[in-house]
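Next comes protein.cif, a file with mmCIF, C-alpha atoms.
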data_protein
loop_
_atom_site.label_atom_id
_atom_site.label_comp_id
_atom_site.auth_asym_id
_atom_site.auth_seq_id
_atom_site.Cartn_x
_atom_site.Cartn_y
_atom_site.Cartn_z
CA MET A 1 158.44 -78.24 237.42
CA LYS A 2 159.53 -74.79 238.54
CA ALA A 3 157.40 -71.92 239.77
CA GLY A 4 158.46 -68.30 239.61
CA ILE A 5 156.84 -66.22 242.34
CA ILE A 6 156.59 -62.44 242.54
CA ASP A 7 156.12 -61.79 246.24
CA SER A 8 157.84 -60.43 249.33
CA SER A 9 160.91 -62.35 250.52
CA ASN A 10 159.18 -62.46 253.91
CA LYS A 11 156.74 -64.98 252.41
CA THR A 12 159.46 -67.59 251.76
CA GLY A 13 158.25 -69.66 254.71
CA PHE A 14 154.68 -69.69 253.39
CA TRP A 15 155.70 -70.90 249.92
CA GLU A 16 158.13 -73.45 251.34
CA ASN A 17 155.41 -74.96 253.52
CA THR A 18 152.81 -74.83 250.74
CA ILE A 19 154.55 -76.09 247.60
CA GLY A 20 158.19 -76.60 248.61
CA GLU A 21 158.07 -80.39 248.66
CA GLU A 22 156.42 -80.66 245.22
CA PHE A 23 157.74 -77.67 243.26
CA GLU A 24 161.09 -76.10 242.73
CA TYR A 25 160.51 -72.37 243.08
CA SER A 26 162.16 -68.96 243.26
CA ILE A 27 160.85 -65.71 244.73
CA ALA A 28 161.57 -62.35 243.07
CA SER A 29 160.58 -58.79 243.89
CA ASP A 30 159.86 -57.95 240.23
CA VAL A 31 159.78 -59.49 236.79
CA ASN A 32 163.34 -58.38 235.95
CA LYS A 33 164.67 -60.73 238.61
CA LEU A 34 162.40 -63.62 237.72
CA GLU A 35 164.15 -66.78 236.58
CA LYS A 36 163.01 -69.04 233.75
CA CYS A 37 160.11 -71.14 234.99
CA ASP A 38 157.07 -73.24 234.02
CA ILE A 39 154.44 -71.17 235.82
CA ILE A 40 154.38 -67.69 237.37
CA LEU A 41 152.50 -66.68 240.50
CA VAL A 42 151.93 -63.00 241.29
CA SER A 43 150.83 -61.90 244.76
CA GLU A 44 148.19 -59.17 244.56
CA GLU A 45 148.86 -58.24 248.19
CA TYR A 46 152.55 -57.65 247.44
CA CYS A 47 151.95 -55.74 244.18
CA THR A 48 149.00 -53.77 245.59
CA GLY A 49 147.70 -51.35 242.95
CA SER A 50 150.46 -52.05 240.44
CA ILE A 51 149.51 -55.66 239.66
CA GLY A 52 148.24 -54.62 236.22
CA THR A 53 151.67 -53.19 235.40
CA VAL A 54 153.32 -56.40 236.61
CA ILE A 55 151.32 -58.67 234.28
CA ALA A 56 151.91 -56.24 231.41
CA ASP A 57 155.68 -56.37 232.07
CA ILE A 58 155.66 -60.18 232.19
CA GLN A 59 153.95 -60.33 228.80
CA THR A 60 156.73 -58.28 227.19
CA TYR A 61 159.37 -60.93 227.94
CA GLU A 62 159.93 -63.44 225.16
CA ARG A 63 161.06 -66.15 227.62
CA PHE A 64 157.72 -65.94 229.40
CA ARG A 65 155.57 -65.85 226.27
CA ASP A 66 154.11 -69.34 226.75
CA VAL A 67 154.31 -69.43 230.55
CA PRO A 68 150.91 -69.36 232.33
CA VAL A 69 150.54 -66.62 234.94
CA ALA A 70 148.19 -66.83 237.95
CA ALA A 71 147.26 -64.07 240.35
CA VAL A 72 147.29 -65.04 244.04
CA THR A 73 144.84 -63.02 246.13
CA SER A 74 142.88 -63.00 249.36
CA GLU A 75 140.27 -60.67 247.79
CA CYS A 76 137.67 -63.25 246.79
CA SER A 77 134.95 -61.14 245.19
CA CYS A 78 133.76 -62.09 241.71
CA GLU A 79 134.39 -58.52 240.56
CA ASN A 80 138.07 -58.72 241.55
CA GLN A 81 138.46 -62.07 239.80
CA GLU A 82 137.02 -60.61 236.58
CA ILE A 83 139.33 -57.60 236.82
CA LEU A 84 142.40 -59.82 237.21
CA LEU A 85 141.38 -62.07 234.31
CA GLY A 86 140.74 -58.97 232.22
CA MET A 87 144.30 -57.81 232.91
CA GLY A 88 145.59 -60.96 231.23
CA PHE A 89 146.07 -63.48 234.06
CA ASP A 90 145.38 -67.09 233.07
CA ASP A 91 143.91 -67.99 236.45
CA VAL A 92 143.14 -66.56 239.89
CA ILE A 93 144.12 -68.50 243.02
CA ARG A 94 142.19 -67.43 246.10
CA LEU A 95 143.70 -67.59 249.57
CA PRO A 96 143.47 -69.28 251.97
CA ILE A 97 143.93 -72.56 250.09
CA SER A 98 145.28 -75.92 251.23
CA GLY A 99 148.70 -76.87 249.97
CA GLN A 100 147.38 -80.06 248.35
CA LEU A 101 144.70 -78.17 246.43
CA LEU A 102 147.14 -75.44 245.41
CA ILE A 103 149.53 -78.00 243.95
CA ARG A 104 146.69 -79.59 241.99
CA ARG A 105 145.66 -76.17 240.66
CA LEU A 106 149.20 -75.34 239.57
CA ARG A 107 149.62 -78.66 237.80
CA GLY A 108 146.27 -78.20 236.08
CA ILE A 109 147.15 -74.69 234.88
CA SER A 110 150.51 -75.87 233.55
CA ALA A 111 149.02 -78.92 231.80
CA LEU A 112 146.34 -76.81 230.13
CA SER A 113 148.93 -74.35 228.88
CA LEU A 114 151.07 -77.13 227.38
CA ARG A 115 148.06 -78.69 225.65
CA GLU A 116 146.94 -75.36 224.18
CA ASN A 117 150.43 -74.60 222.92
CA SER A 118 150.75 -77.99 221.21
CA GLU A 119 147.33 -77.64 219.59
CA HIS A 120 148.14 -74.21 218.20
CA MET A 121 151.65 -74.81 216.84
CA MET A 122 151.83 -73.51 213.28
CA ASN A 123 154.48 -73.50 210.61
CA ILE A 124 154.95 -70.72 208.09
CA ASP A 125 152.94 -72.48 205.39
CA SER A 126 149.87 -72.85 207.60
CA ILE A 127 150.13 -69.21 208.65
CA MET A 128 150.31 -68.02 205.04
CA GLU A 129 147.16 -70.00 204.23
CA ILE A 130 145.06 -68.04 206.73
CA ASN A 131 142.41 -66.03 204.92
CA ASP A 132 140.38 -63.46 206.85
CA GLY A 133 137.23 -63.46 204.78
CA ASP A 134 135.15 -61.49 207.28
CA SER A 135 133.94 -58.11 206.06
CA GLY A 136 133.12 -56.65 209.46
CA ALA A 137 134.84 -55.95 212.76
CA TYR A 138 137.25 -58.31 214.48
CA CYS A 139 135.43 -59.83 217.48
CA VAL A 140 137.72 -61.25 220.16
CA ARG A 141 137.48 -62.77 223.62
CA SER A 142 137.79 -60.36 226.52
CA VAL A 143 140.92 -62.18 227.74
CA ASP A 144 142.61 -61.46 224.40
CA PHE A 145 141.51 -57.84 224.09
CA THR A 146 144.21 -56.39 226.37
CA ASN A 147 147.15 -57.90 224.49
CA ILE A 148 145.72 -57.01 221.07
CA PHE A 149 145.08 -53.47 222.29
CA ARG A 150 148.74 -53.10 223.32
CA PHE A 151 149.80 -54.15 219.83
CA VAL A 152 147.33 -51.76 218.21
CA LEU A 153 148.67 -48.91 220.36
CA ARG A 154 152.13 -49.47 218.91
CA VAL A 155 150.75 -49.52 215.37
CA LEU A 156 148.83 -46.30 215.99
CA GLU A 157 151.93 -44.63 217.37
CA ARG A 158 153.95 -45.67 214.35
CA THR A 159 151.34 -44.70 211.76
CA GLN A 160 150.13 -41.57 213.57
CA LYS A 161 146.50 -42.61 213.26
CA ASN A 162 143.58 -41.75 215.52
CA ALA A 163 141.40 -44.21 217.42
CA GLN A 164 138.49 -44.11 219.83
CA MET A 165 137.68 -46.49 222.66
CA LEU A 166 133.94 -47.03 222.97
CA VAL A 167 132.24 -48.88 225.82
CA MET A 168 128.57 -49.83 225.42
CA LYS A 169 126.97 -50.58 228.80
CA LEU A 170 123.69 -52.42 229.21
CA GLU A 171 121.66 -51.91 232.38
CA HIS A 172 118.34 -53.42 233.38
CA PHE A 173 115.67 -52.50 235.91
CA GLY A 174 113.61 -55.04 237.81
CA ASP A 175 114.13 -58.78 238.11
CA LYS A 176 115.62 -60.51 235.07
CA THR A 177 116.71 -64.10 234.63
CA ALA A 178 120.21 -64.96 233.49
CA ALA A 179 118.76 -66.33 230.25
CA GLU A 180 116.97 -63.03 229.54
CA ASN A 181 120.16 -61.06 230.17
CA ARG A 182 122.19 -63.34 227.90
CA LYS A 183 119.60 -63.03 225.14
CA THR A 184 119.67 -59.23 225.36
CA MET A 185 123.47 -59.16 225.42
CA ASN A 186 123.45 -61.27 222.25
CA ILE A 187 121.22 -58.65 220.62
CA LEU A 188 123.70 -55.94 221.64
CA ALA A 189 126.69 -57.94 220.38
CA GLU A 190 125.00 -58.49 217.04
CA SER A 191 124.09 -54.79 216.78
CA VAL A 192 127.73 -53.91 217.39
CA ARG A 193 128.90 -56.39 214.77
CA LYS A 194 126.55 -54.97 212.13
CA CYS A 195 127.50 -51.34 212.81
CA LEU A 196 131.30 -51.64 212.83
CA ARG A 197 133.67 -51.50 209.89
CA ARG A 198 136.32 -53.95 208.84
CA GLY A 199 139.41 -53.21 210.92
CA ASP A 200 137.55 -52.23 214.09
CA MET A 201 137.64 -54.56 217.08
CA SER A 202 135.03 -55.50 219.68
CA SER A 203 134.81 -57.75 222.71
CA VAL A 204 131.95 -58.74 225.00
CA CYS A 205 133.19 -58.17 228.56
CA GLY A 206 131.22 -59.71 231.39
CA ASP A 207 127.44 -59.75 231.20
CA ASP A 208 126.75 -56.05 230.76
CA ARG A 209 129.13 -54.36 228.33
CA VAL A 210 130.89 -54.46 224.99
CA VAL A 211 134.27 -52.79 224.51
CA ILE A 212 135.01 -51.44 221.02
CA LEU A 213 138.16 -50.07 219.42
CA LEU A 214 137.48 -47.79 216.44
CA ILE A 215 140.60 -47.50 214.31
CA GLY A 216 141.08 -44.22 212.43
CA ALA A 217 138.03 -42.59 214.01
CA ASP A 218 137.83 -39.11 215.55
CA ASP A 219 135.42 -38.01 218.27
CA GLU A 220 132.64 -37.18 215.82
CA GLY A 221 133.01 -40.50 214.04
CA GLY A 222 133.02 -42.36 217.34
CA HIS A 223 129.77 -40.77 218.47
CA LEU A 224 128.25 -41.53 215.07
CA VAL A 225 129.08 -45.22 215.44
CA ALA A 226 127.73 -45.25 219.00
CA SER A 227 124.46 -43.69 217.82
CA ARG A 228 124.11 -46.32 215.09
CA ILE A 229 124.64 -49.10 217.62
CA VAL A 230 122.06 -47.63 220.01
CA SER A 231 119.50 -47.31 217.19
CA SER A 232 120.19 -50.83 215.95
CA PHE A 233 119.88 -52.27 219.46
CA TYR A 234 116.54 -50.61 220.25
CA SER A 235 115.15 -51.65 216.88
CA GLU A 236 115.70 -55.29 217.91
CA CYS A 237 115.07 -55.06 221.67
CA SER A 238 111.53 -54.11 222.65
CA ASP A 239 112.00 -54.68 226.39
CA GLU A 240 111.90 -51.21 227.96
CA SER A 241 113.48 -52.44 231.19
CA TYR A 242 116.87 -52.49 229.42
CA GLU A 243 118.79 -49.26 228.99
CA LEU A 244 121.86 -48.87 226.77
CA SER A 245 124.42 -46.14 227.39
CA TYR A 246 127.96 -45.52 226.23
CA ASP A 247 131.24 -43.84 227.11
CA ILE A 248 133.79 -42.80 224.50
CA ARG A 249 137.38 -41.63 224.84
CA GLU A 250 140.24 -40.85 222.52
CA VAL A 251 143.04 -43.40 222.47
CA ARG A 252 146.26 -41.56 223.18
CA THR A 253 149.64 -43.05 222.31
CA ALA A 254 152.96 -42.27 223.92
CA GLY A 255 154.03 -40.40 220.77
#

Step by step, read the file and then write its structure as structure tokens.
Amino acid sequence: MKAGIIDSSNKTGFWENTIGEEFEYSIASDVNKLEKCDIILVSEEYCTGSIGTVIADIQTYERFRDVPVAAVTSECSCENQEILLGMGFDDVIRLPISGQLLIRRLRGISALSLRENSEHMMNIDSIMEINDGDSGAYCVRSVDFTNIFRFVLRVLERTQKNAQMLVMKLEHFGDKTAAENRKTMNILAESVRKCLRRGDMSSVCGDDRVVILLIGADDEGGHLVASRIVSSFYSECSDESYELSYDIREVRTAG
């Protein structure tokens, strides 16, 4: 098994001591120099604020399409982990970590990726049989939202259509149990589903917000949808300790 590592060449000694006996590996300064491999590790310390660009670049390469990518970081906060996963990383490896545990983690990530790929192999006949019978919005996992959004951006640029990005944020005051928060988030998610049109896309992100992509909507239409969601939510949620707000922005394409 081979690991491709995006990190400083000064870290060669660290990687040699950590996984060198178990993994074949190569270190590159950027994705363009990365060799074909079974798993990719990206150092957040090395990439600093551009790590989001790095994962986006990796995902554009056909040869890395099915290769799992893990962020390696010494920033151990839950918030940072969620941000990295939201960018599209398959896993987050926190430093310091023992070499033995790191090797187990890498093998586990690789095995999971292979199993998922084998389970989801499809031929052209099975693809053609897919029937999207849903009449409402397309609800996706937060980890999938970023890649789908990139694709939608290209479609919007080609078709010259408008879109609005809408983020519904749920806040609460006072002490609430995790079960109460989950129940209220489910109410919000259902309100979003009922208020969106076929062709729109939504994703529950974390435990306090829903991200929505409104295809073909202008600013006025976006605010109208947001108002409908707010009204629908408060008609179902009678707990005054929860407050729903939203932010809306126009989606701009490179064209």

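Taking atom CA of A:Asn162 as the reference point, atom CA of A:Ala217 is found at 5.8 Å.
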
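Pairwise distance (atom CA of A:Ile51, atom CA of A:Asp200) equals 28.4 Å.
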
Need the shell around A:Glu35: protein/DNA/RNA residues with any atom at most 10 Å away, counting all atoms listed in the file. Skip same-chain ones fewer than 3 positions apart. Format as a tab-separated table (two decimals) with C-alpha atoms, in the coordinates of the input?
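That gives us part_16.tsv:
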chain	number	residue	atom	x	y	z
A	2	LYS	CA	159.53	-74.79	238.54
A	3	ALA	CA	157.40	-71.92	239.77
A	4	GLY	CA	158.46	-68.30	239.61
A	5	ILE	CA	156.84	-66.22	242.34
A	25	TYR	CA	160.51	-72.37	243.08
A	26	SER	CA	162.16	-68.96	243.26
A	27	ILE	CA	160.85	-65.71	244.73
A	28	ALA	CA	161.57	-62.35	243.07
A	31	VAL	CA	159.78	-59.49	236.79
A	32	ASN	CA	163.34	-58.38	235.95
A	38	ASP	CA	157.07	-73.24	234.02
A	40	ILE	CA	154.38	-67.69	237.37
A	63	ARG	CA	161.06	-66.15	227.62
A	64	PHE	CA	157.72	-65.94	229.40

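What the PyMOL selection byres ((chain A and resi 182) around 12) picks from this file is Leu170, His172, Lys176, Thr177, Ala178, Ala179, Glu180, Asn181, Lys183, Thr184, Met185, Asn186, Ile187, Leu188, Ala189, Val204, Gly206, Asp207, Asp208 and Arg209 of chain A.
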
### Task
Find the spatial neighbours of stretch 57-61 of chain A, counting only C-alpha atoms, within a cut-off of 12 Å - ignore same-chain residues fewer than 5 positions away - and output them as a ChimeraX atom specification.
/A:4-6,30-36,39-42,50-52,66-70,87-90,146-148,150-151

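Minimum atom-to-atom distances from A:Glu190, A:Glu250, A:Glu243, A:Glu236 to A:His223 were compared using all atoms listed in the file, and the lowest value belongs to A:Glu250.
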
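Closest approach to A:Gly174 among A:Leu101, A:Arg65, A:Asp239, A:Val192: A:Asp239, based on all atoms listed in the file.
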
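Take atom CA of A:Leu153 and atom CA of A:Ser203: the distance between them is 16.6 Å.
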
### Task
Please write the residues picked by the PyMOL selection byres ((chain A and resi 82) around 12) on this file as a ChimeraX atom specification.
/A:71,75-81,83-92,142-143,205-207

Apply the PyMOL selection byres ((chain A and resi 166) around 10) to the structure shown and report the selected residues as an mmCIF file with C-alpha atoms, in the coordinates of the input.
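This went into selection26.cif:
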data_model
loop_
_atom_site.group_PDB
_atom_site.id
_atom_site.type_symbol
_atom_site.label_atom_id
_atom_site.label_comp_id
_atom_site.auth_asym_id
_atom_site.auth_seq_id
_atom_site.Cartn_x
_atom_site.Cartn_y
_atom_site.Cartn_z
ATOM 1 C CA ALA A 163 141.400 -44.210 217.420
ATOM 2 C CA GLN A 164 138.490 -44.110 219.830
ATOM 3 C CA MET A 165 137.680 -46.490 222.660
ATOM 4 C CA VAL A 167 132.240 -48.880 225.820
ATOM 5 C CA MET A 168 128.570 -49.830 225.420
ATOM 6 C CA LYS A 169 126.970 -50.580 228.800
ATOM 7 C CA SER A 202 135.030 -55.500 219.680
ATOM 8 C CA VAL A 210 130.890 -54.460 224.990
ATOM 9 C CA VAL A 211 134.270 -52.790 224.510
ATOM 10 C CA ILE A 212 135.010 -51.440 221.020
ATOM 11 C CA LEU A 213 138.160 -50.070 219.420
ATOM 12 C CA LEU A 214 137.480 -47.790 216.440
ATOM 13 C CA GLY A 222 133.020 -42.360 217.340
ATOM 14 C CA HIS A 223 129.770 -40.770 218.470
ATOM 15 C CA VAL A 225 129.080 -45.220 215.440
ATOM 16 C CA ALA A 226 127.730 -45.250 219.000
ATOM 17 C CA TYR A 246 127.960 -45.520 226.230
ATOM 18 C CA ASP A 247 131.240 -43.840 227.110
ATOM 19 C CA ILE A 248 133.790 -42.800 224.500
ATOM 20 C CA ARG A 249 137.380 -41.630 224.840
ATOM 21 C CA GLU A 250 140.240 -40.850 222.520
ATOM 22 C CA VAL A 251 143.040 -43.400 222.470
#
